[in-house]
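Trainee: So I've got this file, final23.txt, and it contains compact mmCIF, C-alpha atoms:
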```
# COMPACT_ATOMS: atom_id res chain seq x y z
CA MET A 1 -40.67 -189.25 -274.12
CA SER A 2 -38.09 -188.30 -276.68
CA GLN A 3 -36.32 -184.94 -276.77
CA VAL A 4 -38.17 -184.13 -279.98
CA ASP A 5 -41.53 -184.69 -278.26
CA THR A 6 -40.51 -182.53 -275.34
CA ASP A 7 -39.49 -179.68 -277.61
CA HIS A 8 -42.77 -180.05 -279.48
CA ASP A 9 -44.82 -179.81 -276.26
CA GLU A 10 -42.97 -176.65 -275.06
CA THR A 11 -43.41 -175.06 -278.49
CA SER A 12 -47.10 -175.95 -278.53
CA GLY A 13 -47.58 -174.51 -275.04
CA SER A 14 -45.92 -171.25 -275.99
CA SER A 15 -48.12 -171.02 -279.07
CA SER A 16 -51.27 -171.61 -277.07
CA GLU A 17 -50.27 -168.92 -274.53
CA ARG A 18 -49.68 -166.47 -277.35
CA ARG A 19 -53.16 -167.28 -278.70
CA GLY A 20 -54.66 -166.36 -275.29
CA GLU A 21 -55.76 -169.91 -274.42
CA ARG A 22 -56.39 -170.89 -270.79
CA PRO A 23 -53.19 -171.76 -268.90
CA GLN A 24 -52.61 -175.39 -268.16
CA ALA A 25 -53.52 -176.77 -264.72
CA GLY A 26 -50.89 -176.15 -262.07
CA ARG A 27 -49.82 -172.76 -263.46
CA ALA A 28 -50.58 -169.59 -261.46
CA ALA A 29 -53.49 -167.62 -262.89
CA PRO A 30 -52.85 -163.90 -263.47
CA ALA A 31 -54.13 -161.54 -260.77
CA GLY A 32 -57.62 -160.24 -261.41
CA PHE A 33 -58.80 -156.64 -261.54
CA TRP A 34 -59.98 -156.57 -257.94
CA ALA A 35 -56.71 -158.03 -256.69
CA GLU A 36 -54.81 -155.32 -258.54
CA LEU A 37 -57.15 -152.68 -257.15
CA ARG A 38 -56.59 -153.95 -253.63
CA GLY A 39 -52.86 -153.77 -254.24
CA ALA A 40 -53.14 -150.19 -255.47
CA ALA A 41 -55.17 -149.28 -252.38
CA ALA A 42 -52.51 -150.33 -249.91
CA PRO A 43 -52.68 -148.43 -246.60
CA ARG A 44 -49.66 -146.25 -247.40
CA MET A 45 -51.06 -145.28 -250.80
CA ALA A 46 -54.47 -144.60 -249.26
CA VAL A 47 -52.87 -142.22 -246.78
CA LEU A 48 -51.10 -140.36 -249.60
CA VAL A 49 -54.27 -140.09 -251.66
CA LEU A 50 -56.25 -138.87 -248.65
CA GLY A 51 -53.55 -136.31 -247.95
CA ALA A 52 -53.70 -135.06 -251.54
CA LEU A 53 -57.48 -134.73 -251.32
CA LEU A 54 -57.29 -132.78 -248.07
CA LEU A 55 -54.65 -130.45 -249.54
CA GLN A 56 -56.82 -129.86 -252.59
CA LEU A 57 -59.87 -129.02 -250.50
CA GLY A 58 -57.74 -126.95 -248.14
CA PHE A 59 -56.43 -124.96 -251.10
CA VAL A 60 -59.98 -124.12 -252.20
CA LEU A 61 -61.08 -123.31 -248.65
CA SER A 62 -58.09 -121.08 -247.92
CA TYR A 63 -58.08 -119.05 -251.13
CA VAL A 64 -61.83 -118.62 -251.44
CA GLY A 65 -62.17 -118.04 -247.71
CA ALA A 66 -59.54 -115.31 -247.78
CA PHE A 67 -60.63 -113.52 -250.96
CA HIS A 68 -64.36 -114.03 -251.48
CA HIS A 69 -65.52 -111.12 -249.30
CA PRO A 70 -62.70 -108.69 -248.38
CA GLN A 71 -63.59 -106.30 -245.57
CA PRO A 72 -61.36 -103.46 -244.32
CA HIS A 73 -60.28 -103.70 -240.70
CA ARG A 74 -58.68 -100.76 -238.89
CA ILE A 75 -56.70 -99.40 -241.83
CA PRO A 76 -54.36 -96.79 -240.30
CA ILE A 77 -55.12 -93.23 -241.41
CA THR A 78 -54.10 -89.85 -240.04
CA VAL A 79 -56.26 -86.73 -239.98
CA VAL A 80 -55.05 -83.17 -240.43
CA ALA A 81 -57.77 -80.68 -239.51
CA PRO A 82 -58.21 -77.42 -237.60
CA GLN A 83 -57.81 -77.98 -233.89
CA GLN A 84 -61.51 -77.48 -233.14
CA MET A 85 -62.56 -79.98 -235.84
CA SER A 86 -59.92 -82.68 -235.53
CA PRO A 87 -61.31 -84.67 -232.56
CA SER A 88 -64.76 -84.74 -234.14
CA VAL A 89 -63.46 -85.94 -237.51
CA VAL A 90 -61.30 -88.63 -235.91
CA GLY A 91 -64.17 -89.80 -233.72
CA LYS A 92 -66.57 -90.10 -236.63
CA LEU A 93 -64.08 -92.07 -238.73
CA ASN A 94 -63.39 -94.50 -235.87
CA ALA A 95 -67.12 -94.89 -235.24
CA ILE A 96 -67.90 -96.18 -238.73
CA PRO A 97 -69.70 -99.56 -238.34
CA GLY A 98 -67.33 -102.49 -238.68
CA HIS A 99 -64.34 -100.32 -237.73
CA PRO A 100 -62.75 -100.19 -241.20
CA LEU A 101 -60.43 -97.33 -240.16
CA LYS A 102 -58.02 -96.59 -237.33
CA ALA A 103 -57.85 -92.80 -237.41
CA THR A 104 -55.39 -90.67 -235.43
CA GLU A 105 -54.63 -86.97 -235.40
CA ALA A 106 -51.57 -85.53 -237.13
CA ALA A 107 -50.10 -82.14 -236.33
CA ASP A 108 -49.82 -80.98 -239.93
CA GLU A 109 -49.63 -82.16 -243.52
CA PRO A 110 -45.83 -82.74 -243.57
CA THR A 111 -46.20 -84.99 -240.52
CA ALA A 112 -49.00 -86.91 -242.23
CA ARG A 113 -46.95 -87.31 -245.41
CA ALA A 114 -44.00 -88.55 -243.36
CA GLY A 115 -46.24 -91.26 -241.91
CA LEU A 116 -47.16 -92.34 -245.43
CA ARG A 117 -43.52 -92.47 -246.52
CA THR A 118 -42.62 -94.79 -243.65
CA GLY A 119 -45.66 -96.99 -244.10
CA ASP A 120 -46.99 -96.24 -240.63
CA ALA A 121 -50.23 -95.01 -242.22
CA SER A 122 -52.02 -96.09 -245.36
CA GLY A 123 -53.73 -92.75 -245.86
CA ALA A 124 -54.04 -89.19 -244.64
CA LEU A 125 -57.17 -87.03 -244.75
CA ILE A 126 -56.43 -83.32 -245.09
CA VAL A 127 -59.55 -81.39 -244.05
CA ASP A 128 -60.03 -77.97 -245.66
CA SER A 129 -62.17 -75.81 -243.40
CA THR A 130 -62.58 -73.15 -246.11
CA SER A 131 -64.36 -75.40 -248.62
CA ARG A 132 -66.36 -78.60 -248.83
CA THR A 133 -63.61 -80.49 -250.65
CA ASP A 134 -60.92 -82.30 -248.65
CA THR A 135 -57.82 -84.17 -249.83
CA LEU A 136 -57.16 -87.86 -249.26
CA LEU A 137 -53.51 -88.90 -249.55
CA VAL A 138 -52.93 -92.62 -250.14
CA ALA A 139 -49.87 -94.85 -250.54
CA GLY A 140 -50.50 -96.91 -253.67
CA ALA A 141 -47.13 -98.60 -253.29
CA GLY A 142 -48.43 -100.35 -250.20
CA GLY A 143 -51.03 -102.16 -252.29
CA ALA A 144 -53.66 -100.90 -254.70
CA SER A 145 -56.39 -102.92 -253.00
CA THR A 146 -55.90 -101.12 -249.69
CA ALA A 147 -55.72 -97.72 -251.36
CA ASN A 148 -58.92 -98.38 -253.32
CA VAL A 149 -60.85 -99.54 -250.27
CA LEU A 150 -59.61 -96.57 -248.28
CA GLU A 151 -60.81 -94.23 -251.01
CA SER A 152 -64.24 -95.91 -251.01
CA VAL A 153 -64.65 -95.73 -247.22
CA ILE A 154 -63.63 -92.07 -247.06
CA ALA A 155 -65.93 -91.21 -249.98
CA GLN A 156 -68.89 -92.67 -248.09
CA ALA A 157 -67.91 -90.90 -244.88
CA GLU A 158 -67.50 -87.60 -246.69
CA LYS A 159 -70.82 -88.02 -248.46
CA ALA A 160 -72.57 -88.40 -245.12
CA GLN A 161 -71.17 -84.98 -244.18
CA HIS A 162 -72.07 -83.48 -247.56
CA ARG A 163 -68.41 -83.19 -248.47
CA THR A 164 -66.12 -84.68 -251.10
CA ALA A 165 -62.47 -85.74 -251.13
CA SER A 166 -59.99 -85.57 -253.98
CA VAL A 167 -57.50 -88.45 -253.98
CA VAL A 168 -53.74 -88.03 -254.39
CA ASP A 169 -51.32 -90.96 -254.49
CA ALA A 170 -48.51 -89.60 -252.33
CA VAL A 171 -46.40 -92.79 -252.48
CA PRO A 172 -47.09 -94.36 -255.90
CA ALA A 173 -45.78 -97.70 -257.07
CA GLN A 174 -43.13 -97.73 -259.75
CA ALA A 175 -44.32 -97.59 -263.35
CA GLY A 176 -43.57 -101.27 -263.94
CA ASP A 177 -45.12 -102.45 -260.68
CA ALA A 178 -48.81 -102.61 -261.61
CA ARG A 179 -51.05 -102.51 -258.52
CA GLY A 180 -47.97 -103.09 -256.34
CA LEU A 181 -48.10 -106.86 -256.89
CA SER A 182 -44.53 -107.44 -258.06
CA SER A 183 -43.26 -107.87 -254.49
CA PHE A 184 -45.78 -110.60 -253.81
CA TYR A 185 -45.12 -112.58 -256.98
CA LEU A 186 -41.38 -112.26 -256.52
CA VAL A 187 -41.72 -113.82 -253.05
CA VAL A 188 -44.00 -116.56 -254.42
CA GLY A 189 -41.33 -117.47 -256.98
CA TRP A 190 -38.60 -117.57 -254.38
CA THR A 191 -40.68 -119.66 -251.98
CA VAL A 192 -41.76 -122.17 -254.63
CA GLY A 193 -38.17 -122.52 -255.80
CA GLY A 194 -36.95 -123.26 -252.29
CA TYR A 195 -39.41 -126.00 -251.44
CA LEU A 196 -39.29 -127.56 -254.92
CA PHE A 197 -35.51 -127.83 -254.66
CA ALA A 198 -35.77 -129.65 -251.34
CA ALA A 199 -38.66 -131.82 -252.53
CA LEU A 200 -36.70 -132.92 -255.59
CA LEU A 201 -33.78 -133.88 -253.38
CA GLY A 202 -36.17 -135.96 -251.31
CA VAL A 203 -37.68 -137.68 -254.33
CA SER A 204 -34.32 -138.50 -255.88
CA LYS A 205 -32.37 -139.47 -252.76
CA GLY A 206 -35.06 -140.54 -250.30
CA ALA A 207 -37.26 -138.35 -248.15
CA ARG A 208 -35.24 -139.07 -245.02
CA PRO A 209 -31.46 -138.73 -245.36
CA ALA A 210 -29.69 -141.97 -244.43
CA THR A 211 -27.24 -140.24 -242.07
CA VAL A 212 -26.82 -136.94 -240.27
CA ARG A 213 -23.99 -136.15 -242.65
CA ARG A 214 -26.30 -136.59 -245.63
CA ALA A 215 -28.83 -134.27 -244.00
CA ALA A 216 -26.13 -131.64 -243.49
CA GLN A 217 -25.06 -132.05 -247.11
CA ARG A 218 -28.59 -131.30 -248.30
CA LEU A 219 -28.66 -128.13 -246.25
CA LEU A 220 -25.26 -127.06 -247.58
CA THR A 221 -26.38 -127.79 -251.14
CA ALA A 222 -29.30 -125.43 -250.61
CA VAL A 223 -26.97 -122.50 -249.88
CA PRO A 224 -25.59 -121.90 -253.41
CA TYR A 225 -29.02 -122.62 -254.85
CA ALA A 226 -30.53 -119.95 -252.59
CA VAL A 227 -27.84 -117.43 -253.49
CA LEU A 228 -28.39 -117.97 -257.21
CA SER A 229 -32.18 -117.87 -256.80
CA GLY A 230 -32.03 -114.60 -254.91
CA LEU A 231 -29.74 -113.12 -257.54
CA GLY A 232 -31.93 -114.33 -260.40
CA GLY A 233 -35.14 -113.00 -258.89
CA ALA A 234 -33.65 -109.59 -258.14
CA ALA A 235 -32.24 -109.38 -261.67
CA ILE A 236 -35.57 -110.31 -263.29
CA VAL A 237 -37.72 -107.79 -261.42
CA GLY A 238 -35.04 -105.10 -261.63
CA PRO A 239 -32.75 -104.76 -264.66
CA LEU A 240 -34.67 -107.21 -266.88
CA LEU A 241 -38.31 -106.13 -266.41
CA GLY A 242 -38.03 -102.82 -264.60
CA ALA A 243 -40.75 -103.76 -262.13
CA LEU A 244 -38.78 -103.05 -258.95
CA ASN A 245 -35.85 -100.77 -259.66
CA GLY A 246 -33.23 -100.04 -257.03
CA HIS A 247 -32.11 -101.74 -253.81
CA PHE A 248 -30.70 -104.62 -255.85
CA LEU A 249 -28.38 -105.99 -253.16
CA ALA A 250 -31.11 -105.83 -250.51
CA LEU A 251 -33.50 -107.77 -252.75
CA TRP A 252 -30.79 -110.32 -253.48
CA GLY A 253 -30.18 -110.85 -249.77
CA ILE A 254 -33.87 -111.20 -248.93
CA GLY A 255 -34.34 -113.62 -251.80
CA ALA A 256 -31.46 -115.82 -250.69
CA LEU A 257 -32.87 -115.90 -247.15
CA VAL A 258 -36.40 -116.73 -248.36
CA VAL A 259 -35.23 -119.54 -250.66
CA PHE A 260 -32.90 -121.09 -248.10
CA GLY A 261 -35.56 -120.87 -245.39
CA ALA A 262 -38.14 -122.57 -247.60
CA ALA A 263 -35.66 -125.30 -248.52
CA ALA A 264 -34.51 -125.84 -244.94
CA VAL A 265 -38.08 -126.08 -243.62
CA THR A 266 -38.98 -128.54 -246.38
CA ILE A 267 -35.96 -130.72 -245.60
CA ALA A 268 -36.83 -130.63 -241.90
CA LEU A 269 -40.44 -131.66 -242.57
CA GLN A 270 -39.28 -134.54 -244.75
CA VAL A 271 -36.96 -135.73 -242.00
CA LEU A 272 -39.88 -135.55 -239.56
CA PHE A 273 -42.65 -137.03 -241.70
CA GLY A 274 -40.99 -138.70 -244.69
CA VAL A 275 -42.78 -138.24 -248.01
CA LEU A 276 -45.75 -136.70 -246.21
CA GLY A 277 -43.47 -133.82 -245.25
CA ILE A 278 -43.80 -132.45 -248.78
CA GLY A 279 -47.56 -132.21 -248.26
CA VAL A 280 -47.04 -130.37 -244.97
CA THR A 281 -44.74 -127.96 -246.83
CA VAL A 282 -47.43 -127.27 -249.44
CA LEU A 283 -49.93 -126.68 -246.64
CA LEU A 284 -47.61 -124.16 -244.97
CA PHE A 285 -46.32 -122.20 -247.96
CA VAL A 286 -49.11 -122.54 -250.53
CA VAL A 287 -52.41 -123.26 -248.80
CA LEU A 288 -51.82 -120.91 -245.85
CA GLY A 289 -48.90 -118.71 -246.86
CA ASN A 290 -49.90 -117.33 -250.24
CA PRO A 291 -53.44 -116.08 -249.55
CA SER A 292 -52.35 -114.46 -246.27
CA ALA A 293 -49.24 -112.78 -247.70
CA GLY A 294 -50.90 -109.50 -248.68
CA GLY A 295 -50.74 -109.90 -252.44
CA ALA A 296 -54.14 -109.58 -254.06
CA TYR A 297 -55.53 -108.05 -250.87
CA GLY A 298 -53.59 -106.41 -248.06
CA PRO A 299 -53.72 -108.03 -244.61
CA GLU A 300 -56.08 -105.24 -243.46
CA LEU A 301 -58.71 -106.58 -245.87
CA LEU A 302 -58.46 -110.27 -244.97
CA PRO A 303 -60.63 -112.25 -242.53
CA PRO A 304 -59.27 -112.54 -238.97
CA PHE A 305 -57.52 -115.90 -239.36
CA TRP A 306 -55.54 -114.97 -242.48
CA ARG A 307 -54.83 -111.50 -241.12
CA ALA A 308 -53.41 -113.00 -237.92
CA ILE A 309 -51.05 -115.49 -239.58
CA SER A 310 -49.81 -113.10 -242.27
CA PRO A 311 -46.78 -111.66 -240.43
CA ALA A 312 -45.88 -115.02 -238.88
CA LEU A 313 -45.40 -116.91 -242.16
CA PRO A 314 -42.45 -116.43 -244.53
CA ASN A 315 -44.71 -115.38 -247.43
CA GLY A 316 -46.25 -112.46 -245.58
CA ALA A 317 -43.05 -111.44 -243.82
CA ALA A 318 -41.07 -111.43 -247.07
CA THR A 319 -43.74 -109.59 -249.07
CA HIS A 320 -43.93 -106.86 -246.42
CA ALA A 321 -40.12 -106.63 -246.26
CA VAL A 322 -39.70 -106.28 -250.03
CA ARG A 323 -42.39 -103.60 -250.29
CA HIS A 324 -41.02 -101.58 -247.41
CA ILE A 325 -37.46 -101.78 -248.67
CA MET A 326 -38.53 -100.66 -252.13
CA TYR A 327 -40.98 -97.91 -251.15
CA PHE A 328 -40.76 -97.07 -247.44
CA ALA A 329 -37.01 -96.80 -246.78
CA GLY A 330 -36.95 -100.20 -245.10
CA HIS A 331 -39.00 -98.94 -242.18
CA GLY A 332 -40.56 -101.72 -240.10
CA THR A 333 -38.69 -104.61 -241.75
CA ALA A 334 -36.68 -105.76 -238.72
CA ALA A 335 -39.48 -108.01 -237.49
CA ASN A 336 -39.95 -109.44 -241.00
CA LEU A 337 -36.28 -110.30 -241.34
CA ALA A 338 -36.32 -111.89 -237.89
CA VAL A 339 -39.21 -114.15 -238.98
CA LEU A 340 -37.36 -115.21 -242.14
CA ALA A 341 -34.16 -115.89 -240.20
CA ALA A 342 -36.11 -117.90 -237.61
CA TYR A 343 -37.54 -120.20 -240.29
CA ALA A 344 -34.12 -120.72 -241.86
CA LEU A 345 -32.40 -121.41 -238.53
CA GLY A 346 -35.30 -123.51 -237.28
CA GLY A 347 -35.20 -125.63 -240.43
CA VAL A 348 -31.50 -126.28 -239.97
CA LEU A 349 -31.78 -127.19 -236.29
CA VAL A 350 -34.84 -129.43 -236.73
CA THR A 351 -33.19 -131.20 -239.66
CA LEU A 352 -29.97 -131.98 -237.83
CA LEU A 353 -31.53 -132.89 -234.48
CA THR A 354 -34.27 -135.05 -235.98
CA ALA A 355 -31.87 -136.73 -238.41
CA THR A 356 -29.71 -137.65 -235.44
CA LEU A 357 -32.63 -139.23 -233.60
CA VAL A 358 -33.96 -141.00 -236.70
CA HIS A 359 -30.53 -142.39 -237.52
CA ARG A 360 -30.03 -143.73 -234.01
CA ARG A 361 -33.47 -145.18 -233.39
CA LEU A 362 -35.35 -145.74 -236.65
CA SER A 363 -32.89 -146.17 -239.51
CA PRO A 364 -32.95 -150.01 -239.45
CA GLU A 365 -36.73 -149.85 -239.98
CA MET A 366 -36.73 -147.55 -243.00
CA ASP A 367 -37.04 -148.54 -246.61
CA PRO A 368 -34.93 -146.87 -249.35
CA ALA A 369 -37.60 -144.24 -249.98
CA GLY A 370 -37.27 -142.96 -246.44
CA ALA A 371 -40.69 -144.10 -245.20
CA LEU A 372 -41.11 -146.32 -242.15
CA ALA A 373 -41.46 -149.97 -243.05
```
As structure tokens, how would this structure be written, given the file I've shared?
Mentor:
Amino acid sequence: MSQVDTDHDETSGSSSERRGERPQAGRAAPAGFWAELRGAAAPRMAVLVLGALLLQLGFVLSYVGAFHHPQPHRIPITVVAPQQMSPSVVGKLNAIPGHPLKATEAADEPTARAGLRTGDASGALIVDSTSRTDTLLVAGAGGASTANVLESVIAQAEKAQHRTASVVDAVPAQAGDARGLSSFYLVVGWTVGGYLFAALLGVSKGARPATVRRAAQRLLTAVPYAVLSGLGGAAIVGPLLGALNGHFLALWGIGALVVFGAAAVTIALQVLFGVLGIGVTVLLFVVLGNPSAGGAYGPELLPPFWRAISPALPNGAATHAVRHIMYFAGHGTAANLAVLAAYALGGVLVTLLTATLVHRRLSPEMDPAGALA
């Protein structure tokens, strides 16, 4: 066949393909819909999709489970009453069905107010033996939800005794801190920033660092990011918005620790589990951490599970620390800071130790994305 004929055949074939005609015999047919679907449903992709579904359902379960029916549990309250009345009043408050209160006696009103200022008590009932009207002191800065529930429980208890109680907010939140929620949302922003930073590093450079040195570099990179995040958050809630005024340096330090801890834990989980580590991070900080942190409802109003994990997770520890630094002279924050430091240090150690093991034993079997082949 001449060169002209050959050129004509190739041109004709290209034209027929452009017109959508059936390919000639011997040419590979394009993959069908079901073949493409099977390719999309590869085992690794199926695992990721299943993980996303479980996280979604876990999110609904955790938030609705924590908030759908808040019930007070042993809210600390002190009682100031004449000596002959005090044991009876305390006993009746502690005997309320469901044990919503944990009442103790206080020597006098200044002692009761001191307990409110340190956050050791959420309320104080001042009994007036000369009238039928008592005074309930609350600490609104510790969370409006707790103060409101405490007011409701005391009102019912007083009504049963044919008495009433006037409510005084002895430790109010700042004017710009509506319902005392600014501490919680500040911590949410810091936490989200920390794990997003680490997740983006994993997406762009591979979930598992190729070497121990690369893992250490990620941790070091998180340090200036955490410092800037802590500074930015403290500046926004303080000078910019006037929500939490004062204690600027303390807020900055807590913010830097929260952000670095969230980033370090996320990096560690990615080293342990690859891409799935990001899902574990979301489970820890979002699904479990946020509803148990004491934002919308204080820990005393949450179901047992969320109440128990609240002080052990960074969200709850940081929220409590910020509130107590702002309103309660930092009383009771040592344990919170220890929790935050433990997550930061634990993230660093797990990252470096696991990266060492992965590099020695598994690195030849990993693909560029950091997942096991």
Trainee: Hey, which bits of range 119-148 of chain A sit within 12 Å of range 309-322 of chain A, and for each residue what's the closest pair of atoms and how far apart in Å (one decimal), counting all atoms listed in the file, rows by chain and increasing number, as a tab-separated table?
Mentor:
```
residue	atom	partner	partner_atom	distance
A:Gly119	CA	A:His320	CA	10.3
A:Ala141	CA	A:Val322	CA	11.2
A:Gly142	CA	A:His320	CA	8.8
A:Gly143	CA	A:His320	CA	10.3
```
Trainee: What gap, in Å, lies between CA of Arg132 in chain A and CA of Thr111 in chain A?
Mentor: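 For CA of Arg132 in chain A relative to CA of Thr111 in chain A, the distance reads 22.7 Å.
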Trainee: Which one of A:Gly123, A:Pro209, A:Gly246, A:Gly65 sits closest to Ala329 in chain A if you count all atoms listed in the file?
Mentor: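 Checking each candidate against Ala329 in chain A, we get A:Gly246 as the closest.
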Trainee: As a list in words, please: the residues near Thr221 in chain A (cut-off 12 Å, only C-alpha atoms, same-chain neighbours under 5 positions excluded).
Mentor: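 Contacts, with the query itself left out: Gly194, Phe197, Ala198, Leu201, Arg214, Ala215, Ala216, Ala226, Val227, Leu228, Phe260, Ala263, Ala264 and Ile267 of chain A.
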Trainee: Select, counting all atoms listed in the file, all protein, DNA and RNA residues no farther than 10 Å from (-29.2, -131.6, -241.8) in file coordinates, and express the selection as a ChimeraX atom specification.
Mentor: /A:209,211-220,264,267-268,271,347-356
Trainee: How many Å separate CA of Arg44 in chain A from CA of Ala210 in chain A?
Mentor: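 Answer for the CA of Arg44 in chain A to CA of Ala210 in chain A separation: 20.6 Å.
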Trainee: In Å, with one decimal, what is the gap from CA of Ala66 in chain A to CA of Ser292 in chain A?
Mentor: 7.4 Å
Trainee: Using 6 Å of padding on each side, determine the axis-aligned box around all atoms of range 241-246 of chain A present in the file and give its centre and edge lengths in Å to one decimal, as JSON.
Mentor:
```
{"center_x": -37.0, "center_y": -103.1, "center_z": -261.7, "size_x": 19.5, "size_y": 18.1, "size_z": 21.4}
```
Trainee: A:Leu288, A:Gly233, A:Leu276, A:Ala170: which is nearest Val47 in chain A, counting only C-alpha atoms?
Mentor: A:Leu276
Trainee: Within 12 Å of (-60.1, -118.7, -252.6), in the coordinates the file gives, what residues turn up when you count all atoms listed in the file, written out as a list in words?
Mentor: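 In the file's frame, the residues around the point are Gln56, Leu57, Gly58, Phe59, Val60, Leu61, Ser62, Tyr63, Val64, Gly65, Ala66, Phe67, His68, His69, Pro70, Val286, Val287, Leu288, Asn290, Pro291, Ser292, Ala296, Tyr297, Leu302, Pro303 and Trp306 of chain A.
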Trainee: Just checking: using all atoms listed in the file, which residue out of A:Thr266, A:Thr104, A:Thr333, A:Thr191 ends up closest to Ser229 in chain A?
Mentor: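 Result for the nearest residue to Ser229 in chain A: A:Thr191.
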Trainee: Check the smallest atom-to-atom distance from each of A:Leu136, A:Val149, A:Leu196, A:Val282 to Val80 in chain A using only C-alpha atoms, then report the winner.
Mentor: A:Leu136
Trainee: So, counting only C-alpha atoms, which residue among A:Ala42, A:Ile278, A:Ala157, A:Leu137 is closest to Lys92 in chain A?
Mentor: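 Of A:Ala42, A:Ile278, A:Ala157, A:Leu137, the one nearest Lys92 in chain A is A:Ala157, counting only C-alpha atoms.
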Trainee: With distances taken over only C-alpha atoms, which of A:Val192, A:Leu93, A:Ala199, A:Ile126 is nearest to Gln161 in chain A?
Mentor: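 Looking at the shortest contact to Gln161 in chain A, the residue is A:Leu93.
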Trainee: Taking 2 positions as the minimum chain separation for residues in the same chain, which residues sit within 6 Å of Arg74 in chain A when counting all atoms listed in the file? Answer as a ChimeraX atom specification.
Mentor: /A:99-102
